[in-house]
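One structure is given below, encoded as structure tokens.
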Amino acid sequence: MITFKVNGIQRQYNGNPEMDLLKYLRNELHLTAAKDGCSGEGVCSACTVQINGKAKLACRTKMSKLQDADIVTLEGLDKYRKETIAKTMVNHGASQCGFCTPGFIMKADSFLKENKNPTLDEIQKALKSNICRCTGYKKIERAILEAADFLNNNEEVDLITTTGKLGEPHPKYGAFETAIGERKFVADYYIDNMGFAALKFSDYPKAKVLKINTAEAEKLEGVWRVFTAKDIPGKQKIGLIRADWSLMIGEGEITHYIGDVIAGVVADNEEIARKAVELIKVEYEVLTPVTDVFEAIKDTNRVHEQYPNLVETSVSKIGDTEKAFAEADFIVEHRFETQRIEHAFMEVEAAIALPKDNGIELLSESQGVYEDRRQVALILGIPEDKVRVKLIPNGGGFGGKEDLSIQGQTSLFAYLLNKPVKLVLTRQESIRLHPKRHPVFMDFKIAATKDGKLTAVKLEAYGDTGAYLSVGNKVLERVAGHATGGYFVPNVDINAKTVYTNNIPCGAMRGFGANQAVFGLEVAIDEICEKAGFDRWKFRFDNALEDGLSTGTGQKVYQVGVKQCLLQLKEHFYNNKYVGLAAGIKNSGVGNGMNDESDAIIEIVSAEKVIIKHGWTEMGQGVNTVAVQMLCEETGIPPEIIEVQIDTEAGIKTGMTTSSRATALLGNAIIAAAKELKKDLEKHSIEQLSGRVYKGRFVCDWTTKPGSGIENPIIHYSYGYAAQLVVLNDEGKIDTVYAAHDAGKIVNPVLYEGQIEGAVHMGLGYALTEDLPMKDGYLISDKYKDLGILRTTETPKIVVLPVEVPDSVGAYGVKGIGEIGLVPTAGAVANALYQFDKIRRFKLPLQRK
């Protein structure tokens, strides 16, 4: 018997002494503020608690070590200290998705008891074991520095209050409740009589499944049922664009990658379910996978028998590139290679499904609840109106939660059992399962004349989309569409190929193909400047897009902010020695001939409660905050009475939260919904309007598909623009990143700055250290610690320089900023490093540890 205290309450434990404290806290006491971000690796610190007054990792602390221990979780932390640190973090915008915030608060509290007057450098060192994937750390560091002053002076901290109108630093919606661990993520929910699920994954990237033996698993005490593909009542194959992804691989079928699901188990608890999975025996006929994109494109070893490995080629041809190259004074030509990247969102995939009204209710962390509904209905063979999906704002997405990951299996199990089921992946399973950023091989050739004009770009790009399409063809479409970056190039010849392999699928990730293309282009531009003796800043400025000029797709653009961004960097460029410069462009909206649309519903419940309903996913970027501020701007309704809900029961079908479009589209829908409400508020009080519902809708239906032959194509309704400058110190290390970003209109300056800082941090990791290598269809490592994510002590200063060139389509002139924030980063880093050591780099990551 082990005895100890948890938050002042005496506890006794006589279970497995080797179980970790985190499992005990979450599963037995349901104290869920401590999060599981790395599944026991001890590398993210989301599970930080205090044991005998010291910050410790609950995931690495065995129950056997806790005799007479005094354990404090965030739930039991001194209220004044907890709220002081939390409120300071919220006021600074230091909590975006908020999943990691409880761990930071626990670490900060412990550190500030030992060091009451820390320097920023000391704070960075104290936090170096904590990972945040959203913020870039800078706001967290500044918040803790300020919190120290409040604590030392025993001062109370109030959350910032505003009118909620545009341009004000209104605190992020729900951030305080999330920071102190009260707002639950999916895995934090516990429902009576709930079963716990686990999955059996394929042992091989390509193999024929001959037999699945579940007998021993079914015998294990506590197992409710074992499921295989034959149990699926509806469609077995699903997908966002192409229905090529099997929910489970059945006997006689062929696996396509190591993340394919063979079977699932539901049991009394997760431990039993996972033991049962180990007892499932699968007989295979092992086949040879195709894992090299250039071998795959030969189509001699198909990933899917019914589909060629070459999925699609995105083409853009303008002018006469051969003539331009023949007449050019300077030409640069290289092959560039970018790597596979793991999103590394702090919250792993989790889902809970409950039987309801002969259908299913699903708690989802997805980036598209209506897409979840559609695909789950197909799997179960029931109408969509029998599937209700409630969004639980997630712990980071970055594109990695667009595809249906485990929502389908969880719903299937709950539907067939007619009981609630919860499924949570481990970090290692998450890395194995969901789509990544595409590795892309790019053969770039660019030309310039001696008078400093960029005259031609030729690109042959090959993207490894892995075992399933996901949205891979759309990513390569963006590679093609962004191959000329932020510049006007009169002659282009671009081909971007999407190719199946037996590697882990690749799909959406922040930047969506623009990152890869701009890296290659910007390095080539720097080299052509060196060859010709051009000034690197002036060459970019002179060739930058401006109103009425066209992108590499032929679309003429307006309200262009590239030159304004470059001007923000000019002084810093000329006043520093080792500098790398890059500019970028990133589409807003899916466009390409598809509709971009949004609905909004405003429900007046009472004088104290107004509800906004929409279909976009809150994943840290602040779309709910934007919704609140835009309604406040339109109506003057106080922000504190506004609640935001995302639930398919509202019946406002919305696409995926992607392409940096939610703010612009939702804003326009809210403006439309508020039109009649504003009129009514001129005559009535909010209380008198109780029960009224106002609806608004915005549709962009005027974009065109690339290569359609239209004279003036409109591929996307809008673009975001940026330029970044990377400054090295005399040792060749990055000292500062200056990031100038055109937001069109800045709705919330704190959120805007936080988005850019976080994106730059992610971009630096992409440029320098992050990688997810595979060999022969297997991961070299499935550990979070090996992903190469930069820590506090490795992240340089980031200076955000705001630019506002209002857009004609986005609400109030807004442009997307969620993705553009890391589009120029890798190119700027590579160019800065060259200025220091004169080594030209053509492959990412540039400095893998």
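Residues are referred to by chain and number: the chain letter is A, B, ... according to the order shown in the structure tokens, the number counts from 1 in that chain, and ligands are numbered separately from 1 in the order shown.
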- Query: Which residues in stretch 654-780 of chain A does DSSP call strand (DSSP E)? List them as number ranges by chain.
  - Reply: A: 693-700, 718-728, 734-742, 774-775, 778-779
- Task: Do a neighbour search on A:Gly8 at 9 Å with only C-alpha atoms, toss out local chain neighbours closer than 6 positions, and write the hits as a VMD selection string.
- Result: chain A and resid 70 to 72 76
- Between atom CA of A:Val562 and atom CA of A:Gly593, distance in Å (one decimal):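 Atom-to-atom, atom CA of A:Val562 and atom CA of A:Gly593 are spaced 25.2 Å apart.
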- Item | For A:Asn515: contacts at 8 Å, only C-alpha atoms, fewer than 3 positions along chain excluded, given as a list of chain:residue names |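 Surrounding residues, per the criterion: A:Gly511, A:Phe512, A:Val518, A:Phe519, A:Leu822, A:Val823, A:Pro824, A:Ala826.
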- Message: I'd like the contact shell of A:His92 - 7 Å cut-off, only C-alpha atoms, skipping same-chain residues fewer than 3 positions apart - returned as a VMD selection string.
- Response: chain A and resid 88 to 89 139 143
- Message: Which residues are close to stretch 224-226 of chain A, i.e. within 8 Å by only C-alpha atoms, leaving aside same-chain residues fewer than 5 positions away? Reply as a ChimeraX atom specification.
- Response: /A:195,214,217-218,263-268
So that I have them on file, write out the residues from the current selection with C-alpha atoms, as an mmCIF file, in the first residue's frame.
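This is the output file out35.cif:
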data_model
loop_
_atom_site.group_PDB
_atom_site.id
_atom_site.type_symbol
_atom_site.label_atom_id
_atom_site.label_comp_id
_atom_site.auth_asym_id
_atom_site.auth_seq_id
_atom_site.Cartn_x
_atom_site.Cartn_y
_atom_site.Cartn_z
ATOM 1 C CA GLY A 195 -15.588 1.530 -23.113
ATOM 2 C CA THR A 214 -8.594 -12.561 -32.695
ATOM 3 C CA ALA A 217 -7.778 -11.260 -27.616
ATOM 4 C CA GLU A 218 -11.457 -12.098 -27.267
ATOM 5 C CA ALA A 263 -8.409 -4.422 -36.053
ATOM 6 C CA GLY A 264 -9.767 -2.623 -33.002
ATOM 7 C CA VAL A 265 -10.588 -3.636 -29.439
ATOM 8 C CA VAL A 266 -12.956 -2.148 -26.885
ATOM 9 C CA ALA A 267 -12.519 -3.109 -23.241
ATOM 10 C CA ASP A 268 -13.147 -2.048 -19.649
#
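Residues in contact with stretch 709-715 of chain A at 10 Å, where only C-alpha atoms are counted and same-chain residues fewer than 4 positions away are skipped, are listed as Gly481, Ser550, Thr551, Thr553, Gly554, Gln555, Lys556, Val557, Asn587, Gly589, Val590, Gly591, Asn592, Gly593, Met594, Trp702, Thr703, Thr704 and Lys705 of chain A.
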- Determine, counting only C-alpha atoms, which protein, DNA and RNA residues have an atom within 9 Å of an atom of A:Asn14; residues of the same chain fewer than 3 positions away are not included. Present the result as a ChimeraX atom specification. /A:1-3,17
- Write down as a PyMOL selection string the residues belonging to stretch 361-485 of chain A that are assigned alpha helix (DSSP H) by DSSP computed on the backbone. chain A and resi 369-380+407-417+427-433+472-481
- Query: What separation in Å, quoted to one decimal, exists between atom CA of A:Gly368 and atom CA of A:Tyr415?
  - Reply: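 Computed distance, atom CA of A:Gly368 to atom CA of A:Tyr415, equals 21.0 Å.
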- Message: Could you check the closest approach to A:Ile642 for each of A:Asp20, A:Glu608, A:Glu141, A:Glu618 and tell me which residue wins, using only C-alpha atoms?
- Response: A:Glu608
Per residue of stretch 555-640 of chain A within 12 Å of stretch 355-365 of chain A, record the nearest atom pair and its distance in Å to one decimal, counting only C-alpha atoms, with rows in chain order and ascending residue number, as JSON lines.
{"residue": "A:Trp616", "atom": "CA", "partner": "A:Glu365", "partner_atom": "CA", "distance": 11.4}
{"residue": "A:Thr617", "atom": "CA", "partner": "A:Glu365", "partner_atom": "CA", "distance": 8.1}
{"residue": "A:Glu618", "atom": "CA", "partner": "A:Glu365", "partner_atom": "CA", "distance": 9.1}
{"residue": "A:Met619", "atom": "CA", "partner": "A:Glu365", "partner_atom": "CA", "distance": 8.4}
{"residue": "A:Gly620", "atom": "CA", "partner": "A:Glu365", "partner_atom": "CA", "distance": 11.9}
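What separates atom CA of A:Ser685 from atom CA of A:His170 is a distance of 24.2 Å.
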Would you give me, as a tab-separated table, each residue of stretch 625-678 of chain A having an atom within 8 Å of an atom of stretch 390-405 of chain A, along with its shortest atom pair and that distance in Å to one decimal, using only C-alpha atoms and sorting by chain and residue number?
residue	atom	partner	partner_atom	distance
A:Ile646	CA	A:Leu391	CA	5.6
A:Asp647	CA	A:Lys390	CA	4.5
A:Thr648	CA	A:Lys390	CA	6.5
A:Met656	CA	A:Glu402	CA	6.8
A:Thr657	CA	A:Glu402	CA	7.8
A:Thr658	CA	A:Gly399	CA	6.8
Restrict the selected residues to C-alpha atoms and save them as a PDB file, in the first residue's frame.
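What landed in selection-v5.pdb:
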ATOM      1  CA  ILE A 646     -19.566  24.679 -33.152  1.00  0.00           C
ATOM      2  CA  ASP A 647     -21.952  21.749 -33.501  1.00  0.00           C
ATOM      3  CA  THR A 648     -23.328  20.075 -36.632  1.00  0.00           C
ATOM      4  CA  MET A 656     -12.435  22.358 -43.657  1.00  0.00           C
ATOM      5  CA  THR A 657     -10.733  24.956 -41.470  1.00  0.00           C
ATOM      6  CA  THR A 658      -7.855  25.422 -43.859  1.00  0.00           C
TER       7      THR A 658
END
- Note on the structure: Closest of A:Pro706, A:Gly485, A:Gly754, A:Gly667 to A:Gly93, counting only C-alpha atoms, is A:Gly754
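Minimum atom-to-atom distances from A:Val814, A:Ala175, A:Ala351, A:Ala669 to A:Val747 were compared using only C-alpha atoms, and the lowest value belongs to A:Val814.
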